[in-house]
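Dumped model-v6.tsv below, it's TSV, C-alpha atoms:
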```
chain	number	residue	atom	x	y	z
A	267	MET	CA	-17.94	-52.67	87.91
A	268	PRO	CA	-17.53	-48.92	88.54
A	269	THR	CA	-17.53	-47.69	92.13
A	270	PRO	CA	-20.96	-46.26	93.03
A	271	LEU	CA	-21.41	-42.57	93.81
A	272	ARG	CA	-22.87	-41.78	97.22
A	273	LEU	CA	-24.40	-38.33	97.70
A	274	LEU	CA	-24.16	-37.22	101.31
A	275	PRO	CA	-26.36	-34.38	102.61
A	276	THR	CA	-24.17	-32.99	105.40
A	277	ALA	CA	-26.74	-30.92	107.31
A	278	GLY	CA	-27.42	-32.25	110.79
A	279	LEU	CA	-25.01	-35.18	110.66
A	280	SER	CA	-23.20	-36.21	113.83
A	281	ALA	CA	-19.45	-36.60	114.05
A	282	GLU	CA	-19.91	-40.37	114.05
A	283	GLU	CA	-22.06	-40.27	110.91
A	284	LEU	CA	-19.59	-38.06	109.07
A	285	THR	CA	-16.65	-40.24	110.08
A	286	ALA	CA	-18.41	-43.42	108.97
A	287	ALA	CA	-19.36	-41.93	105.59
A	288	PHE	CA	-15.80	-40.78	104.85
A	289	ALA	CA	-14.38	-44.10	106.07
A	290	GLY	CA	-16.39	-45.97	103.47
A	291	ALA	CA	-15.06	-43.71	100.73
A	292	LEU	CA	-11.43	-44.10	101.78
A	293	ASP	CA	-11.93	-47.88	101.95
A	294	GLY	CA	-13.20	-47.92	98.36
A	295	ALA	CA	-16.83	-48.84	99.04
A	296	TYR	CA	-18.11	-45.82	97.10
A	297	VAL	CA	-17.16	-42.38	95.83
A	298	LEU	CA	-18.45	-39.86	98.34
A	299	ALA	CA	-19.94	-36.54	97.25
A	300	PRO	CA	-20.81	-34.36	100.29
A	301	LEU	CA	-23.63	-31.91	99.62
A	302	PRO	CA	-23.86	-28.38	101.04
A	303	PRO	CA	-26.73	-27.65	103.46
A	304	ASP	CA	-28.04	-24.74	101.38
A	305	PRO	CA	-30.72	-26.18	99.05
A	306	VAL	CA	-29.95	-23.86	96.15
A	307	GLU	CA	-26.24	-24.56	96.34
A	308	ALA	CA	-26.95	-28.28	96.76
A	309	ALA	CA	-29.10	-28.28	93.62
A	310	GLY	CA	-26.20	-26.87	91.60
A	311	VAL	CA	-23.86	-29.50	93.00
A	312	ARG	CA	-26.34	-32.28	92.16
A	313	ARG	CA	-26.48	-31.06	88.56
A	314	MET	CA	-22.70	-31.10	88.38
A	315	LEU	CA	-22.60	-34.63	89.83
A	316	ALA	CA	-24.86	-35.95	87.08
A	317	ALA	CA	-21.70	-36.23	84.96
A	318	ALA	CA	-20.66	-39.17	87.14
A	319	GLU	CA	-23.22	-41.32	85.31
A	320	THR	CA	-21.07	-41.20	82.15
A	321	PRO	CA	-18.97	-44.38	81.88
A	322	GLY	CA	-15.32	-43.68	82.68
A	323	ALA	CA	-16.01	-40.19	84.06
A	324	VAL	CA	-14.73	-41.13	87.53
A	325	PRO	CA	-11.30	-42.80	87.69
A	326	ASP	CA	-11.07	-45.98	89.76
A	327	ASP	CA	-8.86	-44.39	92.41
A	328	VAL	CA	-11.23	-41.54	93.28
A	329	ALA	CA	-12.67	-41.56	96.80
A	330	LEU	CA	-14.15	-38.09	97.12
A	331	VAL	CA	-15.73	-35.44	94.91
A	332	VAL	CA	-15.76	-32.02	96.56
A	333	SER	CA	-17.39	-29.02	94.96
A	334	THR	CA	-15.84	-25.62	94.55
A	335	SER	CA	-17.77	-22.77	96.11
A	336	GLY	CA	-19.26	-21.61	92.84
A	337	SER	CA	-19.00	-17.99	94.04
A	338	THR	CA	-17.71	-16.94	90.62
A	339	GLY	CA	-19.64	-19.40	88.46
A	340	THR	CA	-20.88	-22.96	88.17
A	341	PRO	CA	-19.36	-25.26	90.80
A	342	LYS	CA	-16.78	-27.79	89.62
A	343	GLY	CA	-16.40	-31.30	90.99
A	344	VAL	CA	-12.84	-31.85	92.19
A	345	MET	CA	-12.02	-35.56	92.26
A	346	LEU	CA	-9.62	-36.62	95.01
A	347	SER	CA	-8.07	-40.07	95.30
A	348	ALA	CA	-7.71	-41.90	98.59
A	349	ALA	CA	-3.95	-41.75	98.09
A	350	ALA	CA	-3.98	-37.95	97.74
A	351	ILE	CA	-6.14	-37.54	100.85
A	352	ARG	CA	-3.94	-39.89	102.87
A	353	ALA	CA	-0.81	-38.06	101.70
A	354	GLY	CA	-2.24	-34.69	102.71
A	355	ALA	CA	-3.34	-35.95	106.12
A	356	ALA	CA	0.02	-37.62	106.85
A	357	ALA	CA	1.99	-34.53	105.79
A	358	THR	CA	-0.17	-32.35	108.04
A	359	ASP	CA	0.38	-34.65	111.02
A	360	SER	CA	4.12	-34.54	110.39
A	361	ARG	CA	4.24	-30.75	110.11
A	362	LEU	CA	2.08	-30.10	113.19
A	363	GLY	CA	4.03	-32.43	115.45
A	364	GLY	CA	1.89	-35.55	115.34
A	365	PRO	CA	-1.70	-36.72	114.92
A	366	GLY	CA	-4.43	-35.34	117.13
A	367	GLU	CA	-8.12	-34.80	117.64
A	368	TRP	CA	-9.82	-32.28	115.38
A	369	SER	CA	-12.68	-29.84	115.84
A	370	LEU	CA	-14.82	-29.23	112.77
A	371	ALA	CA	-16.02	-25.63	112.42
A	372	LEU	CA	-16.24	-25.72	108.60
A	373	GLY	CA	-18.69	-27.39	106.24
A	374	ALA	CA	-17.70	-30.97	105.43
A	375	HIS	CA	-18.89	-30.42	101.85
A	376	TYR	CA	-15.84	-28.30	101.05
A	377	VAL	CA	-12.27	-29.50	101.03
A	378	ALA	CA	-11.14	-27.75	104.21
A	379	GLY	CA	-13.89	-29.36	106.26
A	380	ALA	CA	-13.62	-32.69	104.46
A	381	MET	CA	-9.91	-32.88	105.22
A	382	VAL	CA	-10.58	-32.20	108.91
A	383	VAL	CA	-12.85	-35.26	108.97
A	384	CYS	CA	-10.27	-37.32	107.07
A	385	ARG	CA	-7.35	-36.27	109.30
A	386	ALA	CA	-9.17	-37.31	112.44
A	387	LEU	CA	-10.37	-40.53	110.82
A	388	LEU	CA	-6.98	-41.58	109.46
A	389	ALA	CA	-5.29	-40.79	112.77
A	390	GLY	CA	-7.85	-42.82	114.70
A	391	GLU	CA	-8.62	-39.73	116.78
A	392	ALA	CA	-11.88	-38.05	117.82
A	393	LEU	CA	-13.77	-35.57	115.68
A	394	HIS	CA	-15.65	-32.79	117.53
A	395	LEU	CA	-18.36	-30.67	115.91
A	396	VAL	CA	-18.35	-26.99	116.90
A	397	SER	CA	-20.28	-23.90	115.85
A	398	PRO	CA	-19.02	-22.10	112.73
A	399	HIS	CA	-19.18	-18.94	114.86
A	400	LEU	CA	-16.87	-20.67	117.40
A	401	ALA	CA	-19.31	-19.89	120.20
A	402	GLY	CA	-18.71	-22.00	123.26
A	403	ILE	CA	-15.69	-23.68	121.73
A	404	ALA	CA	-13.32	-25.51	124.07
A	405	ALA	CA	-9.94	-27.10	123.55
A	406	ALA	CA	-10.74	-30.07	125.79
A	407	THR	CA	-10.02	-33.47	124.23
A	408	SER	CA	-11.69	-36.82	124.79
A	409	ARG	CA	-8.37	-38.60	125.31
A	410	PRO	CA	-5.98	-37.32	128.00
A	411	GLY	CA	-2.77	-35.99	126.51
A	412	ALA	CA	-4.10	-35.87	122.95
A	413	ARG	CA	-3.18	-32.98	120.71
A	414	HIS	CA	-6.12	-30.90	119.47
A	415	TYR	CA	-6.37	-29.02	116.20
A	416	LEU	CA	-8.84	-26.69	114.50
A	417	SER	CA	-9.13	-25.41	110.93
A	418	VAL	CA	-10.72	-22.00	110.28
A	419	VAL	CA	-11.00	-19.25	107.68
A	420	PRO	CA	-10.18	-15.58	108.40
A	421	THR	CA	-13.81	-14.42	108.54
A	422	GLN	CA	-14.39	-16.72	111.53
A	423	LEU	CA	-11.67	-14.98	113.52
A	424	ALA	CA	-12.03	-11.41	112.27
A	425	ARG	CA	-14.77	-10.46	114.77
A	426	LEU	CA	-13.16	-11.94	117.88
A	427	HIS	CA	-11.01	-8.95	118.85
A	428	GLU	CA	-13.02	-8.26	122.01
A	429	ASP	CA	-14.18	-11.82	122.75
A	430	ALA	CA	-11.66	-12.66	125.47
A	431	ALA	CA	-13.35	-15.93	126.45
A	432	THR	CA	-13.31	-17.36	122.94
A	433	LEU	CA	-9.76	-16.18	122.31
A	434	ALA	CA	-8.66	-17.87	125.54
A	435	ALA	CA	-10.34	-21.11	124.46
A	436	LEU	CA	-8.72	-20.96	121.03
A	437	ALA	CA	-5.33	-20.42	122.67
A	438	GLY	CA	-5.72	-23.88	124.16
A	439	PHE	CA	-5.49	-25.61	120.77
A	440	ASP	CA	-2.14	-27.04	119.74
A	441	ALA	CA	-2.56	-25.48	116.28
A	442	LEU	CA	-5.16	-23.57	114.31
A	443	LEU	CA	-4.88	-23.88	110.55
A	444	LEU	CA	-5.90	-20.58	108.99
A	445	GLY	CA	-6.53	-20.51	105.25
A	446	GLY	CA	-9.02	-20.03	102.47
A	447	ALA	CA	-8.25	-16.34	101.93
A	448	ALA	CA	-5.60	-13.70	102.48
A	449	VAL	CA	-5.15	-12.79	106.14
A	450	ASP	CA	-4.89	-9.21	107.38
A	451	PRO	CA	-1.40	-8.94	108.96
A	452	ALA	CA	-2.78	-6.80	111.79
A	453	LEU	CA	-5.40	-9.42	112.60
A	454	LEU	CA	-2.76	-12.15	112.50
A	455	ALA	CA	-0.51	-10.23	114.89
A	456	HIS	CA	-3.40	-9.52	117.27
A	457	LEU	CA	-4.47	-13.16	117.43
A	458	ARG	CA	-0.93	-14.44	117.91
A	459	ALA	CA	-0.42	-11.93	120.69
A	460	ALA	CA	-3.54	-13.42	122.31
A	461	GLY	CA	-1.79	-16.78	122.39
A	462	LEU	CA	-3.32	-18.48	119.35
A	463	ARG	CA	-0.97	-20.94	117.67
A	464	LEU	CA	-1.91	-19.96	114.13
A	465	VAL	CA	-0.52	-21.73	111.07
A	466	THR	CA	-1.31	-19.90	107.85
A	467	THR	CA	-2.05	-22.27	105.00
A	468	TYR	CA	-2.18	-22.06	101.22
A	469	GLY	CA	-3.88	-24.63	99.06
A	470	MET	CA	-7.10	-25.44	97.29
A	471	SER	CA	-9.50	-28.24	96.55
A	472	GLU	CA	-7.16	-29.44	93.80
A	473	THR	CA	-4.34	-29.98	96.35
A	474	SER	CA	-6.44	-31.79	98.97
A	475	GLY	CA	-6.62	-28.56	100.93
A	476	GLY	CA	-3.67	-26.70	102.39
A	477	CYS	CA	-0.31	-27.87	101.07
A	478	VAL	CA	1.87	-24.90	102.14
A	479	TYR	CA	2.04	-24.10	105.88
A	480	ASP	CA	3.52	-20.79	107.02
A	481	GLY	CA	5.10	-20.42	103.58
A	482	ARG	CA	6.75	-23.84	103.60
A	483	PRO	CA	5.43	-26.63	101.34
A	484	LEU	CA	4.45	-29.84	103.11
A	485	ASP	CA	6.75	-32.82	102.77
A	486	GLY	CA	6.57	-34.18	99.22
A	487	VAL	CA	5.08	-30.98	97.81
A	488	ASP	CA	7.05	-28.83	95.38
A	489	VAL	CA	5.93	-25.30	94.48
A	490	ARG	CA	7.47	-23.36	91.62
A	491	ALA	CA	6.83	-19.95	90.10
A	492	GLN	CA	6.46	-19.87	86.32
A	493	ALA	CA	7.97	-17.11	84.18
A	494	ASP	CA	4.75	-15.11	84.44
A	495	GLY	CA	4.61	-15.53	88.22
A	496	ARG	CA	1.99	-18.25	88.11
A	497	LEU	CA	2.43	-20.83	90.85
A	498	ALA	CA	2.71	-24.50	89.85
A	499	ILE	CA	2.43	-27.34	92.36
A	500	CYS	CA	3.70	-30.93	92.21
A	501	GLY	CA	3.21	-33.67	94.76
A	502	PRO	CA	1.13	-36.64	95.91
A	503	VAL	CA	-1.74	-34.41	97.11
A	504	LEU	CA	-2.91	-33.40	93.62
A	505	PHE	CA	-6.42	-34.08	92.40
A	506	SER	CA	-7.38	-36.57	89.69
A	507	GLY	CA	-9.32	-34.09	87.55
A	508	TYR	CA	-12.63	-32.24	87.30
A	509	LEU	CA	-15.71	-34.43	87.08
A	510	GLY	CA	-17.11	-34.36	83.56
A	511	ARG	CA	-14.75	-31.58	82.46
A	512	PRO	CA	-11.67	-33.08	80.82
A	513	ASP	CA	-11.24	-29.79	78.98
A	514	LEU	CA	-10.80	-27.85	82.23
A	515	THR	CA	-8.61	-30.61	83.65
A	516	ALA	CA	-6.28	-30.38	80.64
A	517	GLU	CA	-5.93	-26.61	81.14
A	518	VAL	CA	-4.47	-26.89	84.63
A	519	LEU	CA	-3.15	-30.43	85.11
A	520	ARG	CA	0.00	-31.00	83.09
A	521	VAL	CA	3.05	-33.28	83.16
A	522	ASP	CA	6.27	-31.42	84.00
A	523	ASP	CA	9.55	-33.36	84.14
A	524	GLY	CA	7.54	-36.56	84.26
A	525	ARG	CA	5.44	-35.40	87.24
A	526	PRO	CA	1.79	-34.31	87.31
A	527	THR	CA	1.76	-30.56	87.88
A	528	LEU	CA	-1.10	-28.25	88.80
A	529	LEU	CA	-1.03	-24.80	87.21
A	530	THR	CA	-2.83	-22.67	89.77
A	531	GLY	CA	-4.65	-19.41	89.20
A	532	ASP	CA	-2.41	-17.66	91.70
A	533	ARG	CA	0.60	-15.37	91.39
A	534	GLY	CA	3.52	-15.75	93.72
A	535	GLU	CA	7.22	-15.89	94.47
A	536	VAL	CA	9.36	-18.81	95.62
A	537	ALA	CA	12.57	-17.96	97.47
A	538	PRO	CA	15.78	-19.97	96.98
A	539	ASP	CA	15.05	-21.82	100.23
A	540	GLY	CA	11.63	-22.88	98.91
A	541	THR	CA	9.57	-20.40	100.93
A	542	VAL	CA	6.39	-19.49	99.05
A	543	ARG	CA	4.85	-16.03	99.01
A	544	VAL	CA	1.41	-15.74	97.41
A	545	LEU	CA	0.83	-12.34	95.82
A	546	GLY	CA	-2.75	-12.75	94.62
A	547	ARG	CA	-4.84	-14.17	91.83
A	548	LEU	CA	-3.74	-13.94	88.21
A	549	ASP	CA	-7.02	-12.22	87.43
A	550	ASP	CA	-6.45	-9.71	90.24
A	551	VAL	CA	-4.40	-7.65	87.80
A	552	VAL	CA	-6.79	-5.45	85.82
A	553	ILE	CA	-6.23	-2.72	83.26
A	554	SER	CA	-7.75	0.59	84.32
A	555	GLY	CA	-7.24	3.60	82.11
A	556	GLY	CA	-4.60	1.68	80.16
A	557	LEU	CA	-2.48	0.91	83.24
A	558	ASN	CA	-2.13	-2.31	85.26
A	559	VAL	CA	-3.60	-2.32	88.76
A	560	ASP	CA	-3.03	-5.16	91.22
A	561	LEU	CA	-6.33	-5.52	93.10
A	562	ALA	CA	-4.68	-7.67	95.76
A	563	ALA	CA	-2.22	-4.88	96.58
A	564	VAL	CA	-5.04	-2.33	96.64
A	565	GLN	CA	-7.04	-4.52	99.01
A	566	VAL	CA	-4.11	-4.97	101.38
A	567	ALA	CA	-3.57	-1.22	101.49
A	568	VAL	CA	-7.28	-0.46	101.99
A	569	ARG	CA	-7.56	-2.92	104.88
A	570	ARG	CA	-4.48	-1.45	106.51
A	571	VAL	CA	-5.62	2.16	106.39
A	572	LEU	CA	-9.18	1.29	107.45
A	573	GLY	CA	-8.02	-1.07	110.17
A	574	THR	CA	-10.39	-3.84	109.14
A	575	SER	CA	-10.52	-7.05	107.15
A	576	ASP	CA	-14.07	-6.16	106.04
A	577	ALA	CA	-12.99	-4.47	102.82
A	578	VAL	CA	-12.65	-5.88	99.31
A	579	ALA	CA	-11.18	-4.34	96.16
A	580	LEU	CA	-12.97	-5.19	92.91
A	581	GLY	CA	-12.70	-4.38	89.25
A	582	VAL	CA	-16.00	-3.50	87.59
A	583	PRO	CA	-16.65	-2.76	83.91
A	584	ASP	CA	-16.63	0.93	83.10
A	585	SER	CA	-17.18	2.80	79.83
A	586	VAL	CA	-14.47	5.37	80.65
A	587	TRP	CA	-11.77	3.40	82.46
A	588	GLY	CA	-12.36	-0.01	80.91
A	589	THR	CA	-12.21	-1.44	84.43
A	590	ARG	CA	-12.96	0.77	87.39
A	591	VAL	CA	-11.20	-0.09	90.67
A	592	VAL	CA	-13.72	0.04	93.50
A	593	VAL	CA	-13.90	-0.87	97.18
A	594	VAL	CA	-16.76	-2.43	99.11
A	595	THR	CA	-16.47	-2.19	102.89
A	596	THR	CA	-18.45	-2.11	106.14
A	597	VAL	CA	-16.49	0.91	107.39
A	598	ARG	CA	-18.24	4.27	107.37
A	599	THR	CA	-15.88	6.46	105.41
A	600	SER	CA	-16.01	8.59	102.29
A	601	LEU	CA	-14.29	7.92	99.00
A	602	ALA	CA	-12.35	11.18	99.32
A	603	GLN	CA	-11.10	10.21	102.79
A	604	LEU	CA	-10.11	6.76	101.59
A	605	ARG	CA	-8.22	8.09	98.56
A	606	ASP	CA	-6.40	10.63	100.73
A	607	ALA	CA	-5.33	7.91	103.18
A	608	LEU	CA	-4.15	5.67	100.36
A	609	SER	CA	-2.31	8.30	98.31
A	610	PRO	CA	1.00	7.89	100.20
A	611	VAL	CA	1.08	4.11	99.59
A	612	LEU	CA	-0.58	3.59	96.19
A	613	ALA	CA	0.18	5.00	92.77
A	614	HIS	CA	-2.39	7.53	91.61
A	615	HIS	CA	-3.76	5.23	88.91
A	616	ALA	CA	-4.31	2.47	91.53
A	617	LEU	CA	-6.42	4.61	93.88
A	618	PRO	CA	-10.02	3.35	94.03
A	619	ARG	CA	-12.49	5.28	91.91
A	620	GLY	CA	-15.58	3.96	93.63
A	621	LEU	CA	-16.80	3.11	97.12
A	622	SER	CA	-19.84	1.23	98.38
A	623	ARG	CA	-20.77	0.37	101.96
A	624	LEU	CA	-22.59	-2.71	103.25
A	625	ASP	CA	-23.58	-3.66	106.79
A	626	VAL	CA	-22.08	-7.14	106.30
A	627	LEU	CA	-19.90	-8.52	103.52
A	628	PRO	CA	-21.51	-11.60	101.94
A	629	THR	CA	-19.73	-14.92	102.28
A	630	THR	CA	-20.13	-18.36	100.74
A	631	SER	CA	-21.02	-21.34	102.91
A	632	SER	CA	-17.30	-22.11	103.10
A	633	GLY	CA	-16.69	-18.77	104.82
A	634	LYS	CA	-14.96	-17.05	101.90
A	635	ILE	CA	-15.95	-13.62	100.63
A	636	ASP	CA	-18.60	-14.08	97.93
A	637	ARG	CA	-17.20	-11.91	95.15
A	638	ARG	CA	-20.11	-12.59	92.80
A	639	ALA	CA	-22.53	-11.31	95.45
A	640	LEU	CA	-20.33	-8.27	95.99
A	641	LEU	CA	-20.38	-7.45	92.29
A	642	ALA	CA	-24.16	-7.73	92.32
A	643	ALA	CA	-24.31	-5.53	95.41
A	644	TRP	CA	-22.12	-2.95	93.69
A	645	GLU	CA	-24.68	-2.63	90.92
A	646	SER	CA	-27.65	-2.33	93.25
A	647	THR	CA	-26.45	-0.25	96.20
A	648	ASP	CA	-25.64	3.43	96.64
A	649	LYS	CA	-22.06	4.26	95.74
A	650	GLU	CA	-19.60	7.11	95.44
A	651	LEU	CA	-17.60	7.59	92.25
A	652	ALA	CA	-14.52	9.62	91.50
```
Take the structure in the file and write it out as structure tokens.
Amino acid sequence: MPTPLRLLPTAGLSAEELTAAFAGALDGAYVLAPLPPDPVEAAGVRRMLAAAETPGAVPDDVALVVSTSGSTGTPKGVMLSAAAIRAGAAATDSRLGGPGEWSLALGAHYVAGAMVVCRALLAGEALHLVSPHLAGIAAATSRPGARHYLSVVPTQLARLHEDAATLAALAGFDALLLGGAAVDPALLAHLRAAGLRLVTTYGMSETSGGCVYDGRPLDGVDVRAQADGRLAICGPVLFSGYLGRPDLTAEVLRVDDGRPTLLTGDRGEVAPDGTVRVLGRLDDVVISGGLNVDLAAVQVAVRRVLGTSDAVALGVPDSVWGTRVVVVTTVRTSLAQLRDALSPVLAHHALPRGLSRLDVLPTTSSGKIDRRALLAAWESTDKELA
């Protein structure tokens, strides 16, 4: 008899309720599918989960189906086995110096939040629920002497420069996992100078969350760069496939030297000592005016000269350039000023040819920049063109 699918609305659940729900999944009682609190987003996830009704769609070893954010299209259901989740949790404990209590400041319907719940559960340690805005957060633990960890995304920390009380509280954690998006080096330096024990992570839903910490793959994880710079990942943390989409699964999950291998959508470099450097997305390289432009490099440069992480470089269709490189930011500047500031560090063909300003950059419920919303905003807001 196939394992039943349990849909779990996550809004308003206590730490005890979340822990119990995930425990049942890891014990094999059901396949758990956490739902996002946003009703529109949840409706899309429910439609995706309908594929689970097809016989054989969910392998016997699957414990959890987490949805991708859907910020660039229809959400996919990433199927994770109990073995992959346990491997990821154990490798994290080993890298951080031992198991500990966890504070959950991320949605449990996405992999980063789900893995926080699982790490605490598998370690037999307490799970604490805290505000996504980190207001009133404390590093106090329920068990004397216990280690205490937190997982966050950059947008949660980006506005804490002047919040001395919150920064002091965050400095009390034994480690803060920081992932989900590229981190502004200036922000990273500022937070570390404030005493935060930050561990930058790289990973995705398909790798049971972060699998590379501070550039070093977790134990058992192997990361390689393909000839085209595409990163490929092997190890026990890999997913079992996309629910109802064997075609998409076959595109990214291959067998290499007898081992399942995930072909990511990211570009990167791997040093001889195994250190991984992520350069950006494969689709970050666009052709503008017949020349290649690396949007990730443009974005890094823009954030540096503007002194903010609230800036995103995009490629938008254009009848003249093919793809026009543009910037959306919250900073009040002009396109001419921005191009002048960037001209010493970017090639002329990589300089942005458009600028739009928003009061706040839109994010998904997982805390990542919502690029689809930004593209829509680009079409509907005032802009400068060059």
*Pick from A:Arg385, A:Arg272, A:Arg413, A:Arg533, whichever lies nearest to Gly475 (chain A) using all atoms listed in the file*: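 With all atoms listed in the file as the atom set, the closest residue is A:Arg385.
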Item checked: Contact residues around Arg463 (chain A) with all atoms listed in the file at 9 Å, ignoring same-chain residues under 3 positions, as a list in words -> Leu436, Ala437, Gly438, Phe439, Asp440, Ala441, Leu442, Leu443, Leu457 and Arg458 of chain A
Step by step, gather every atom of region 397-400 of chain A that the file lists, find the box along x, y and z that holds them, add 4 Å on each side, and finally give centre and edge lengths in Å to one decimal, as lines of an AutoDock Vina configuration file.
```
center_x = -18.6
center_y = -21.4
center_z = 115.1
size_x = 11.4
size_y = 13.0
size_z = 12.7
```
Considering only C-alpha atoms, tabulate each residue of region 465-553 of chain A that lies at most 12 Å from region 588-611 of chain A along with its nearest interatomic pair and the corresponding distance in Å to one decimal; arrange the rows by chain and ascending residue number and present them as CSV.
```
residue,atom,partner,partner_atom,distance
A:Asp550,CA,A:Val591,CA,10.7
A:Val551,CA,A:Thr589,CA,10.5
A:Val552,CA,A:Thr589,CA,6.9
A:Ile553,CA,A:Thr589,CA,6.2
```
- Can you tell me how far CA of Val542 (chain A) sits from CA of Asp636 (chain A), in Å to one decimal?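 Going from CA of Val542 (chain A) over to CA of Asp636 (chain A), I get 25.6 Å.
Among the candidates A:Thr285, A:Ser369, A:Thr334, A:Ser575, the residue lying nearest to Pro302 (chain A) is A:Thr334 (atoms considered: all atoms listed in the file).
Going from CA of Leu416 (chain A) to CA of Leu346 (chain A) covers 21.9 Å.
Going from CA of His615 (chain A) over to CA of Leu497 (chain A), you cover 26.9 Å.
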| Closest to Val626 (chain A) among A:Cys500, A:Leu274, A:Ala577, A:Ala613, using only C-alpha atoms? |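 Between A:Cys500, A:Leu274, A:Ala577, A:Ala613, the residue approaching Val626 (chain A) most closely is A:Ala577.
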With distances taken over only C-alpha atoms, which of A:Ala317, A:Ala447, A:Ala277, A:Leu426 is nearest to Lys634 (chain A)?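 Among the listed residues, A:Ala447 lies closest to Lys634 (chain A).
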Quick one: residues within 7 Å of Val331 (chain A), only C-alpha atoms, excluding same-chain residues fewer than 6 positions away - as an MDAnalysis selection string? chainID A and resid 298:299 343:346
Spatial sel., origin (-19.2, -17.8, 110.7), limit 12 Å, all atoms listed in the file, listed as a list in words: Ala371, Leu372, Gly373, Val396, Ser397, Pro398, His399, Leu400, Ala401, Val418, Val419, Pro420, Thr421, Gln422, Leu423, Ala424, Arg425, Leu426, Val626, Leu627, Pro628, Thr629, Thr630, Ser631, Ser632, Gly633, Lys634 and Ile635 of chain A
Using the incomplete input, complete region 499-512 of chain A to the level of N, CA and C atoms; output as a PDB file, in the frame of the given file.
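The resulting file, part_17.pdb, is shown below:
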```
ATOM      1  N   ILE A 499       2.258 -26.459  91.210  1.00  0.00           N
ATOM      2  CA  ILE A 499       2.430 -27.340  92.360  1.00  0.00           C
ATOM      3  C   ILE A 499       2.531 -28.790  91.903  1.00  0.00           C
ATOM      4  N   CYS A 500       3.526 -29.497  92.431  1.00  0.00           N
ATOM      5  CA  CYS A 500       3.700 -30.930  92.210  1.00  0.00           C
ATOM      6  C   CYS A 500       3.600 -31.639  93.547  1.00  0.00           C
ATOM      7  N   GLY A 501       3.215 -32.905  93.522  1.00  0.00           N
ATOM      8  CA  GLY A 501       3.210 -33.670  94.760  1.00  0.00           C
ATOM      9  C   GLY A 501       2.093 -34.683  94.809  1.00  0.00           C
ATOM     10  N   PRO A 502       2.111 -35.557  95.813  1.00  0.00           N
ATOM     11  CA  PRO A 502       1.130 -36.640  95.910  1.00  0.00           C
ATOM     12  C   PRO A 502      -0.261 -36.195  96.315  1.00  0.00           C
ATOM     13  N   VAL A 503      -0.437 -34.906  96.640  1.00  0.00           N
ATOM     14  CA  VAL A 503      -1.740 -34.410  97.110  1.00  0.00           C
ATOM     15  C   VAL A 503      -2.636 -33.922  95.977  1.00  0.00           C
ATOM     16  N   LEU A 504      -2.147 -33.979  94.725  1.00  0.00           N
ATOM     17  CA  LEU A 504      -2.910 -33.400  93.620  1.00  0.00           C
ATOM     18  C   LEU A 504      -4.169 -34.187  93.289  1.00  0.00           C
ATOM     19  N   PHE A 505      -5.149 -33.470  92.763  1.00  0.00           N
ATOM     20  CA  PHE A 505      -6.420 -34.080  92.400  1.00  0.00           C
ATOM     21  C   PHE A 505      -6.309 -34.926  91.138  1.00  0.00           C
ATOM     22  N   SER A 506      -7.366 -35.685  90.857  1.00  0.00           N
ATOM     23  CA  SER A 506      -7.380 -36.570  89.690  1.00  0.00           C
ATOM     24  C   SER A 506      -8.073 -35.953  88.488  1.00  0.00           C
ATOM     25  N   GLY A 507      -8.652 -34.773  88.658  1.00  0.00           N
ATOM     26  CA  GLY A 507      -9.320 -34.090  87.550  1.00  0.00           C
ATOM     27  C   GLY A 507     -10.670 -33.550  87.976  1.00  0.00           C
ATOM     28  N   TYR A 508     -11.295 -32.781  87.074  1.00  0.00           N
ATOM     29  CA  TYR A 508     -12.630 -32.240  87.300  1.00  0.00           C
ATOM     30  C   TYR A 508     -13.670 -33.191  86.726  1.00  0.00           C
ATOM     31  N   LEU A 509     -14.672 -33.503  87.510  1.00  0.00           N
ATOM     32  CA  LEU A 509     -15.710 -34.430  87.080  1.00  0.00           C
ATOM     33  C   LEU A 509     -16.426 -33.908  85.837  1.00  0.00           C
ATOM     34  N   GLY A 510     -16.397 -34.708  84.783  1.00  0.00           N
ATOM     35  CA  GLY A 510     -17.110 -34.360  83.560  1.00  0.00           C
ATOM     36  C   GLY A 510     -16.533 -33.211  82.780  1.00  0.00           C
ATOM     37  N   ARG A 511     -15.354 -32.711  83.155  1.00  0.00           N
ATOM     38  CA  ARG A 511     -14.750 -31.580  82.460  1.00  0.00           C
ATOM     39  C   ARG A 511     -13.287 -31.873  82.120  1.00  0.00           C
ATOM     40  N   PRO A 512     -13.052 -32.816  81.215  1.00  0.00           N
ATOM     41  CA  PRO A 512     -11.670 -33.080  80.820  1.00  0.00           C
ATOM     42  C   PRO A 512     -11.001 -31.880  80.177  1.00  0.00           C
TER      43      PRO A 512
END
```
